[in-house]
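The next block is my_file.cif, given as mmCIF, C-alpha atoms and all ligand atoms.
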```cif
data_my_file
loop_
_atom_site.label_atom_id
_atom_site.label_comp_id
_atom_site.auth_asym_id
_atom_site.auth_seq_id
_atom_site.Cartn_x
_atom_site.Cartn_y
_atom_site.Cartn_z
CA MET A 1 52.67 151.95 123.13
CA PRO A 2 49.72 149.55 122.67
CA ILE A 3 50.58 146.43 120.71
CA VAL A 4 47.70 144.19 119.73
CA ALA A 5 47.75 140.66 121.10
CA ARG A 6 48.07 138.83 117.78
CA HIS A 7 51.54 140.33 117.36
CA VAL A 8 52.80 138.88 120.59
CA LEU A 9 53.39 135.23 119.94
CA PRO A 10 51.97 133.62 116.84
CA HIS A 11 50.68 130.10 116.50
CA ALA A 12 52.70 127.25 114.99
CA PRO A 13 51.64 123.63 115.48
CA THR A 14 54.20 121.13 116.75
CA GLY A 15 56.33 119.72 113.98
CA THR A 16 55.99 122.68 111.66
CA ALA A 17 58.93 124.39 109.98
CA VAL A 18 59.02 128.06 110.98
CA GLY A 19 61.29 130.61 109.33
CA LEU A 20 62.44 133.46 111.56
CA PHE A 21 63.23 136.61 109.62
CA GLY A 22 64.64 139.25 111.96
CA GLY A 23 65.02 142.82 110.89
CA SER A 24 64.87 146.47 111.72
CA PHE A 25 62.24 146.96 108.99
CA ASP A 26 62.91 150.70 109.16
CA PRO A 27 60.92 150.79 106.91
CA ALA A 28 59.87 147.43 105.47
CA HIS A 29 60.22 147.29 101.69
CA ASP A 30 59.60 145.10 98.70
CA GLY A 31 63.00 143.39 99.12
CA HIS A 32 61.81 141.97 102.46
CA ALA A 33 58.55 140.73 100.95
CA HIS A 34 60.37 139.26 97.98
CA VAL A 35 62.85 137.36 100.20
CA THR A 36 59.97 136.12 102.34
CA ARG A 37 57.97 134.69 99.44
CA HIS A 38 61.02 132.93 98.02
CA ALA A 39 62.15 131.61 101.41
CA LEU A 40 58.75 130.04 102.09
CA ARG A 41 58.99 128.06 98.87
CA ALA A 42 62.71 127.37 98.65
CA PHE A 43 63.00 126.08 102.23
CA ALA A 44 59.57 124.41 102.36
CA LEU A 45 58.51 126.45 105.40
CA ASP A 46 55.06 126.11 106.91
CA ARG A 47 55.18 129.54 108.52
CA LEU A 48 57.46 132.54 108.46
CA TRP A 49 57.61 135.12 111.23
CA TRP A 50 59.00 138.60 110.80
CA LEU A 51 60.69 139.55 114.08
CA VAL A 52 60.56 143.34 114.11
CA SER A 53 63.63 144.19 116.17
CA PRO A 54 63.47 146.56 119.16
CA GLY A 55 66.84 147.76 117.80
CA ASN A 56 69.76 146.01 116.12
CA PRO A 57 72.48 145.72 118.81
CA LEU A 58 75.14 146.62 116.23
CA LYS A 59 73.44 149.74 114.89
CA ALA A 60 74.30 152.98 116.67
CA ASN A 61 71.13 154.84 115.72
CA GLY A 62 67.82 153.56 117.02
CA PRO A 63 65.07 152.80 114.50
CA ALA A 64 61.67 154.47 114.12
CA PRO A 65 59.12 153.56 116.82
CA MET A 66 58.06 149.92 116.88
CA ALA A 67 54.36 150.67 116.24
CA GLN A 68 55.22 152.65 113.12
CA ARG A 69 57.50 149.90 111.77
CA VAL A 70 54.98 147.17 112.52
CA ALA A 71 52.17 149.09 110.82
CA ARG A 72 54.27 149.56 107.67
CA ALA A 73 55.40 145.92 107.71
CA GLU A 74 51.82 144.68 107.99
CA ALA A 75 50.63 146.95 105.21
CA LEU A 76 53.38 145.63 102.96
CA MET A 77 53.46 141.94 103.81
CA SER A 78 50.17 140.21 103.45
CA HIS A 79 50.45 136.43 103.17
CA PRO A 80 48.43 133.69 104.88
CA ARG A 81 51.56 131.94 106.21
CA VAL A 82 53.45 135.04 107.35
CA ASP A 83 53.13 136.77 110.71
CA VAL A 84 54.59 140.17 111.50
CA THR A 85 55.55 139.95 115.16
CA THR A 86 56.88 142.06 118.01
CA ALA A 87 58.07 138.88 119.73
CA GLU A 88 61.45 140.31 120.72
CA ALA A 89 59.89 143.34 122.39
CA GLN A 90 57.51 141.05 124.25
CA LEU A 91 60.24 138.61 125.29
CA GLY A 92 62.61 141.41 126.22
CA THR A 93 65.32 140.12 123.88
CA ARG A 94 67.46 141.98 121.40
CA TYR A 95 70.27 139.56 120.64
CA THR A 96 69.28 136.83 118.21
CA ALA A 97 70.82 134.08 120.35
CA ASP A 98 68.62 135.13 123.29
CA THR A 99 65.54 135.28 121.06
CA LEU A 100 66.19 131.80 119.73
CA ARG A 101 66.74 130.40 123.20
CA ARG A 102 63.42 131.81 124.39
CA LEU A 103 61.47 130.75 121.31
CA MET A 104 62.79 127.21 121.52
CA GLN A 105 61.68 127.04 125.16
CA LEU A 106 58.25 128.39 124.30
CA TYR A 107 57.78 126.34 121.14
CA PRO A 108 59.30 122.91 121.63
CA GLY A 109 59.09 120.58 118.65
CA ARG A 110 59.01 123.31 116.01
CA ARG A 111 61.72 123.32 113.38
CA PHE A 112 63.06 126.87 113.43
CA VAL A 113 65.22 128.23 110.60
CA TRP A 114 67.02 131.56 110.86
CA ILE A 115 66.65 133.56 107.64
CA MET A 116 68.84 136.46 106.62
CA GLY A 117 70.18 138.35 103.64
CA ALA A 118 73.74 137.87 102.41
CA ASP A 119 74.92 141.13 104.01
CA ASN A 120 74.13 139.67 107.42
CA LEU A 121 76.14 136.51 106.76
CA ALA A 122 79.10 138.73 105.84
CA GLY A 123 79.08 140.29 109.33
CA PHE A 124 77.65 137.34 111.23
CA HIS A 125 80.83 136.72 113.23
CA HIS A 126 80.22 140.04 115.02
CA TRP A 127 76.93 138.81 116.45
CA GLU A 128 76.67 137.75 120.06
CA ASN A 129 77.16 133.95 120.34
CA TRP A 130 77.14 133.54 116.58
CA ARG A 131 78.70 130.09 116.75
CA TRP A 132 75.97 128.96 119.13
CA ILE A 133 73.34 130.22 116.66
CA MET A 134 75.00 128.28 113.84
CA GLU A 135 75.19 125.16 115.93
CA THR A 136 71.61 125.43 117.16
CA VAL A 137 69.39 126.26 114.16
CA PRO A 138 69.72 125.78 110.41
CA VAL A 139 70.48 129.08 108.70
CA ALA A 140 69.06 130.16 105.34
CA VAL A 141 70.87 132.92 103.50
CA ILE A 142 69.37 134.80 100.57
CA ALA A 143 71.47 136.57 97.97
CA ARG A 144 71.54 140.34 98.04
CA PRO A 145 72.94 142.63 95.33
CA GLY A 146 76.69 143.16 95.67
CA GLN A 147 77.01 140.92 98.73
CA GLN A 148 77.76 137.46 97.34
CA ARG A 149 81.54 137.61 97.48
CA ARG A 150 81.60 139.16 100.98
CA ALA A 151 79.09 136.64 102.28
CA LEU A 152 80.69 133.52 100.88
CA SER A 153 84.19 134.51 101.98
CA SER A 154 83.04 135.66 105.44
CA VAL A 155 84.39 134.29 108.72
CA ALA A 156 81.14 132.41 109.37
CA ALA A 157 80.95 130.90 105.88
CA ARG A 158 84.54 129.70 106.14
CA ALA A 159 84.16 128.42 109.69
CA TYR A 160 81.19 126.27 108.66
CA ALA A 161 82.18 125.54 105.06
CA ASP A 162 81.82 121.80 105.62
CA ARG A 163 78.22 122.28 106.82
CA ARG A 164 77.06 124.17 103.75
CA VAL A 165 73.98 122.68 102.13
CA LEU A 166 73.65 123.00 98.38
CA PRO A 167 70.53 124.79 97.08
CA ILE A 168 69.31 121.56 95.54
CA ARG A 169 68.75 120.33 99.12
CA ALA A 170 67.23 123.59 100.42
CA GLN A 171 63.83 121.98 100.94
CA GLN A 172 65.33 119.67 103.56
CA LEU A 173 67.20 122.40 105.47
CA ALA A 174 64.53 122.82 108.17
CA SER A 175 64.80 119.14 109.07
CA MET A 176 68.57 119.04 109.20
CA GLN A 177 70.68 118.94 112.30
CA ALA A 178 72.57 122.22 112.86
CA PRO A 179 75.09 123.35 111.92
CA ALA A 180 73.62 123.50 108.44
CA TRP A 181 73.39 126.57 106.26
CA CYS A 182 72.27 127.17 102.74
CA TYR A 183 72.89 130.10 100.43
CA ILE A 184 70.35 130.55 97.66
CA THR A 185 70.38 132.94 94.76
CA ILE A 186 67.06 134.37 93.69
CA PRO A 187 66.21 137.18 91.27
CA MET A 188 67.53 140.05 93.40
CA ARG A 189 65.90 143.32 94.39
CA ASP A 190 68.30 146.22 94.76
CA ILE A 191 66.43 148.01 97.50
CA SER A 192 67.21 148.87 101.12
CA SER A 193 65.67 150.73 104.04
CA THR A 194 68.67 153.05 103.94
CA GLN A 195 67.74 154.11 100.40
CA LEU A 196 64.12 154.60 101.42
CA ARG A 197 64.99 156.68 104.48
CA ALA A 198 67.29 158.85 102.36
CA ALA A 199 64.42 159.37 99.92
CA GLY A 200 62.03 160.27 102.77
CA GLY A 201 60.48 156.80 102.61
CA TRP A 202 58.65 157.18 105.90
CA GLY A 203 56.65 160.14 104.52
N1 LIG B 301 66.91 143.62 99.00
C1 LIG B 301 67.19 142.62 99.86
N2 LIG B 301 67.59 141.42 99.39
C2 LIG B 301 67.89 140.40 100.27
N3 LIG B 301 67.80 140.50 101.60
C3 LIG B 301 67.41 141.68 102.12
C4 LIG B 301 67.07 142.79 101.27
N4 LIG B 301 66.71 143.82 102.07
C5 LIG B 301 66.83 143.39 103.34
N5 LIG B 301 67.24 142.11 103.37
C6 LIG B 301 67.45 141.28 104.57
O1 LIG B 301 66.34 141.49 105.41
C7 LIG B 301 66.72 141.43 106.79
C8 LIG B 301 66.28 142.69 107.50
O2 LIG B 301 66.94 143.77 106.88
P1 LIG B 301 66.75 145.30 107.31
O3 LIG B 301 65.42 145.47 107.96
O4 LIG B 301 67.95 145.78 108.02
O5 LIG B 301 66.65 146.00 105.88
P2 LIG B 301 67.80 146.79 105.14
O6 LIG B 301 67.21 147.20 103.84
O7 LIG B 301 69.04 145.96 105.11
O8 LIG B 301 67.97 148.03 106.11
P3 LIG B 301 69.17 149.09 106.25
O9 LIG B 301 69.43 149.63 104.88
O10 LIG B 301 68.61 150.10 107.20
O11 LIG B 301 70.36 148.33 106.82
C9 LIG B 301 68.24 141.25 106.79
O12 LIG B 301 68.51 139.85 106.93
C10 LIG B 301 68.65 141.72 105.39
O13 LIG B 301 69.83 141.08 104.95
O1 LIG B 302 72.43 139.09 118.01
C1 LIG B 302 73.20 139.92 117.52
O2 LIG B 302 74.32 140.18 118.01
C2 LIG B 302 72.76 140.66 116.29
C3 LIG B 302 73.57 141.59 115.67
C4 LIG B 302 73.12 142.24 114.54
C5 LIG B 302 71.84 141.95 114.03
N1 LIG B 302 71.09 141.04 114.65
C6 LIG B 302 69.74 140.73 114.13
O3 LIG B 302 69.78 140.61 112.74
C7 LIG B 302 68.52 140.95 112.21
C8 LIG B 302 68.74 141.89 111.06
O4 LIG B 302 69.07 143.16 111.57
P1 LIG B 302 68.99 144.42 110.61
O5 LIG B 302 69.13 145.62 111.47
O6 LIG B 302 70.10 144.23 109.62
O7 LIG B 302 67.65 144.35 109.97
C9 LIG B 302 67.72 141.52 113.38
O8 LIG B 302 66.85 140.50 113.84
C10 LIG B 302 68.76 141.84 114.40
O9 LIG B 302 68.31 141.76 115.73
C11 LIG B 302 71.51 140.39 115.76
#
```

Please lay out the structure from this file as structure tokens.
Amino acid sequence: MPIVARHVLPHAPTGTAVGLFGGSFDPAHDGHAHVTRHALRAFALDRLWWLVSPGNPLKANGPAPMAQRVARAEALMSHPRVDVTTAEAQLGTRYTADTLRRLMQLYPGRRFVWIMGADNLAGFHHWENWRWIMETVPVAVIARPGQQRRALSSVAARAYADRRVLPIRAQQLASMQAPAWCYITIPMRDISSTQLRAAGGWG
């Protein structure tokens, strides 16, 4: 499958704050774009990269082909500070901890922030090396309909309760020493890829 070079590894000058938003994007939808625009502002990010996953290690069914997901993501998300990337496919990583390790080697001096929706915080303790992730990069969590209670009472939220950063300090998150995580509530979009697939959203 040909993947154009600009998707491989985007540019980010030393010192910049880069949000990493991993996802299956199967397909990308307005909820992803909405979260992205808010995260850029709320966490004072210079850049935000969508990491289109080769396949979520916890999901039994593989997603649609990468090229198809990337094309949809690019059509949907057009913003001068956002890059849609196939970095994980290029690096040969699938677990987030491995991706972060490789990106930090390749991009020293950048301030990476892991971004995810509240549903992912709820199940975060099932991720490979999740404690290492928490202790390595600041984590930004965005509210998602129906997920607040699960997220804030999750194993990860409780384990790092003393490292929670209040939304009023969200703009400093990227410069903080991990572990540091921040949960922000934004006007929510009740939309998911599951709903879109069920409605024939790839048509
Ligand atoms: N509506 C939304 N509000 C907040 N976060 C979201 C929303 N949709 C997706 N996300 C977040 O975007 C990231 C990528 O999600 P993903 O590509 O799996 O989309 P999804 O809609 O959750 O897909 P699926 O329904 O197939 O699980 C995850 O961190 C997820 O929590
Ligand atoms: O590293 C893990 O163990 C792990 C387990 C589940 C999900 N993830 C990542 O979480 C991101 C969101 O996945 P998804 O399928 O909910 O869009 C995506 O980047 C996945 O690779 C990572």

>> Which polymer residues, whether protein, DNA or RNA, lie within 7 Å of the coordinate (74.9, 144.2, 120.3) when you count all atoms listed in the file? List them as a VMD selection string, using the chain letters and numbers from the file.
In response: chain A and resid 56 to 58 95 127 to 128

Within 8 Å of Val52 of chain A using all atoms listed in the file, minus same-chain residues under 4 positions, as a tab-separated table (two decimals) with C-alpha atoms, in the coordinates of the input:
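This is the output file selection-v9.tsv:
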```tsv
chain	number	residue	atom	x	y	z
A	22	GLY	CA	64.64	139.25	111.96
A	23	GLY	CA	65.02	142.82	110.89
A	24	SER	CA	64.87	146.47	111.72
A	25	PHE	CA	62.24	146.96	108.99
A	66	MET	CA	58.06	149.92	116.88
A	69	ARG	CA	57.50	149.90	111.77
A	70	VAL	CA	54.98	147.17	112.52
A	84	VAL	CA	54.59	140.17	111.50
A	85	THR	CA	55.55	139.95	115.16
A	86	THR	CA	56.88	142.06	118.01
A	87	ALA	CA	58.07	138.88	119.73
A	88	GLU	CA	61.45	140.31	120.72
```

> What does the distance from atom CA of Ala89 of chain A to atom CA of Ala12 of chain A come to in Å, to one decimal?
Replying inline: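 Atom CA of Ala12 of chain A lies at a distance of 19.1 Å from atom CA of Ala89 of chain A.
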
> So how far away is atom CA of Ala44 of chain A from atom CA of Ser192 of chain A, in Å?
Replying inline: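 Between these atoms lies a distance of 25.7 Å.
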
> Using all atoms listed in the file, which of A:Arg47, A:Arg111, A:Arg158, A:Lys59 sits nearest ligand LIG 302 (chain B)?
Replying inline: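 Comparing A:Arg47, A:Arg111, A:Arg158, A:Lys59 against ligand LIG 302 (chain B), the winner is A:Lys59.
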
Give me the residues of chain A that have any atom at most 7 Å from an atom of ligand LIG 301 (chain B); for each, the nearest atom pair and the distance in Å, rounded to one decimal. Use all atoms listed in the file, sort by chain and number, and format it as a tab-separated table.
```
residue	atom	partner	partner_atom	distance
A:Phe21	CA	B:LIG301	C7	6.6
A:Gly22	CA	B:LIG301	C8	5.9
A:Gly23	CA	B:LIG301	C8	3.6
A:Ser24	CA	B:LIG301	O3	3.9
A:Phe25	CA	B:LIG301	O3	3.7
A:Asp26	CA	B:LIG301	O3	5.9
A:Ala28	CA	B:LIG301	O3	6.4
A:Gly31	CA	B:LIG301	N1	3.9
A:His32	CA	B:LIG301	N4	5.3
A:Val35	CA	B:LIG301	C2	5.9
A:Ile115	CA	B:LIG301	O12	6.6
A:Met116	CA	B:LIG301	O12	3.4
A:Gly117	CA	B:LIG301	O13	3.0
A:Ala118	CA	B:LIG301	O13	5.7
A:Asp119	CA	B:LIG301	O13	5.2
A:Asn120	CA	B:LIG301	O13	5.2
A:Ile142	CA	B:LIG301	C2	5.8
A:Ala143	CA	B:LIG301	C2	5.7
A:Arg144	CA	B:LIG301	C2	4.3
A:Pro145	CA	B:LIG301	N2	6.8
A:Met188	CA	B:LIG301	N2	6.1
A:Arg189	CA	B:LIG301	N1	4.7
A:Asp190	CA	B:LIG301	N1	5.2
A:Ile191	CA	B:LIG301	N1	4.7
A:Ser192	CA	B:LIG301	O6	3.2
A:Ser193	CA	B:LIG301	O6	3.9
A:Thr194	CA	B:LIG301	O9	3.6
A:Gln195	CA	B:LIG301	O9	6.6
```

> Excluding same-chain residues fewer than 6 positions from Met77 of chain A, what lies within 10 Å of it counting all atoms listed in the file, as a ChimeraX atom specification?
Replying inline: /A:28-30,32-34,36-37,50,83-84

> For ligand LIG 302 (chain B), which residue out of A:Gly201, A:Gly55, A:Pro138, A:Pro65 is the nearest one, using only C-alpha atoms and all ligand atoms?
Replying inline: A:Gly55
